[in-house]
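K.L.:
One structure, pasted below without further comment.
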Amino acid sequence: MAARQALVTAIVAIMTLALTTLTAAAACSPTPSGPSPAAPAAAPTQIPLTTTAATAPNSPGAPPATAATPVSPIASPGSAPTRVSAMAASTTAPTSAPPTAVPTPAPTGVPTGPHAVITTAGGRQVYLRLEVADTAETMTRGLMGRRSMPEDSGMIFVFAGDQRTPFWMKDTLIPLSIAFISSDGRILEMQEMQPLSEDLHQPSFPYRYALEVNQGFFDRNGVSVGDRVELQLGGL
């Protein structure tokens with residue numbers, strides 16, 4: 001009986017010692033009464049400002065693939081494309097007006113190159129510089145498309161023989177007078193021809209030469225039917 005009581009007393013003593021030790025350990029590390037501090041927020045992921053590539057789908061574990069953004073060929077990065085203002089683009093040099101026929105006095109001396117000397121009934125001599133049409137091409141073209149001709153100039157059509165070929169003013173812009181001339185240089189007939197007209201001008205007599213001048217030249221210089229024309233055509 002005495003031994004049992006001694007054992008119980010020893011057990012109680014051991015339990016008391018263990019309880020005392022646990023209480024002391026708890027007192028050394030007290031739990032704070034306030035809430036636990038929040039974990040710092042992760043820094044946001046930023047995309048560099050210079051990145052212009054679009055992310056393409058990629059397989060797990062592989063680095064992201066990127067598709068390059070095309071660069072405009074008009075201007076280099078950081079510069080604006082060169083432009084022409086509407087005002088500058090619309091400003092052009094003024095178009096010069098088509099030349100107009102300005103009457104000039106007849107030359108006082110004999111012209112050089114192909115020319116004609118017309119002797120009027122009163123004995124006055126009129127000089128006229130000449131362009132010569134003596135081929136099928138030059139005769140067909142004549143004075144077509146021109147806007148003016150010097151007052152002291154004309155065009156002489158030279159045929160191989162007498163004929164009755166008519167003239168017209170298709171595509172010819174200059175009003176003209178025409179004189180039909182015989183092989184011996186006598187003016188047989190004169191007619192007035194209007195610009196762009198397709199009326200046929202055919203003389204009443206066979207002729208060898210036809211002389212075209214600015215309309216009114218014959219009247220202004222007193223030239224009439226029957227007057228003589230001396231042609232200096234450089235050997236023609």
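Just so we're on the same page: first chain in the structure tokens is A, next is B, and so on; residues restart at 1 for each chain, and ligands are numbered from 1 in the order they show up.
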So which residues of region 149-183 of chain A fall under strand (DSSP E or B) by DSSP, listed as a list of chain:residue names?
P.N.:
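Selection result, strand (DSSP E or B) within region 149-183 of chain A: A:Ser153, A:Gly154, A:Met155, A:Ile156, A:Phe157, A:Val158, A:Phe159, A:Ala160, A:Gly161, A:Asp162, A:Gln163, A:Phe167, A:Leu176, A:Ser177, A:Ile178, A:Ala179, A:Phe180, A:Ile181.
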K.L.:
Can you write just those residues out, C-alpha atoms, as a PDB file, in the first residue's frame?
P.N.:
ATOM      1  CA  SER A 153       5.831  85.364-145.758  1.00  0.00           C
ATOM      2  CA  GLY A 154       3.854  82.838-147.754  1.00  0.00           C
ATOM      3  CA  MET A 155       3.885  79.278-149.059  1.00  0.00           C
ATOM      4  CA  ILE A 156       4.328  78.459-152.739  1.00  0.00           C
ATOM      5  CA  PHE A 157       3.040  75.152-154.115  1.00  0.00           C
ATOM      6  CA  VAL A 158       5.118  74.060-157.102  1.00  0.00           C
ATOM      7  CA  PHE A 159       3.579  71.497-159.492  1.00  0.00           C
ATOM      8  CA  ALA A 160       5.295  69.589-162.288  1.00  0.00           C
ATOM      9  CA  GLY A 161       2.682  70.663-164.848  1.00  0.00           C
ATOM     10  CA  ASP A 162      -0.509  72.664-165.321  1.00  0.00           C
ATOM     11  CA  GLN A 163      -3.547  71.344-163.460  1.00  0.00           C
ATOM     12  CA  PHE A 167      -7.417  73.479-152.267  1.00  0.00           C
ATOM     13  CA  LEU A 176      -5.537  82.733-146.018  1.00  0.00           C
ATOM     14  CA  SER A 177      -5.674  84.277-149.459  1.00  0.00           C
ATOM     15  CA  ILE A 178      -4.574  82.153-152.405  1.00  0.00           C
ATOM     16  CA  ALA A 179      -3.355  83.202-155.837  1.00  0.00           C
ATOM     17  CA  PHE A 180      -3.292  80.723-158.725  1.00  0.00           C
ATOM     18  CA  ILE A 181      -0.352  81.520-161.026  1.00  0.00           C
TER      19      ILE A 181
END
K.L.:
Pick out the residues sitting within 8 Å of Gln194 (chain A), and hand them over as a PyMOL selection string; count only C-alpha atoms, and ignore anything fewer than 3 positions along from it in its own chain.
P.N.:
chain A and resi 169+174-176+197
K.L.:
For the selection you just gave me, I'd like the residues written to a file as a PDB file, in the first residue's frame, keeping C-alpha atoms.
P.N.:
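As a result, result-v4.pdb now contains:
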ATOM      1  CA  MET A 169      -8.597  74.546-145.296  1.00  0.00           C
ATOM      2  CA  ILE A 174      -4.797  80.773-140.311  1.00  0.00           C
ATOM      3  CA  PRO A 175      -7.211  82.660-142.610  1.00  0.00           C
ATOM      4  CA  LEU A 176      -5.537  82.733-146.018  1.00  0.00           C
ATOM      5  CA  SER A 197     -13.339  75.128-143.854  1.00  0.00           C
TER       6      SER A 197
END
K.L.:
Using only C-alpha atoms, which protein or nucleic acid residues come within 8 Å of region 221-223 of chain A? Drop anything in the same chain fewer than 5 positions from it, and give the result as a list in words.
P.N.:
Ile118, Thr120 and Val126 of chain A
K.L.:
Could you give me the residues within region 112-224 of chain A that DSSP places in alpha helix (DSSP H), as a ChimeraX atom specification?
P.N.:
/A:136-141,217-220
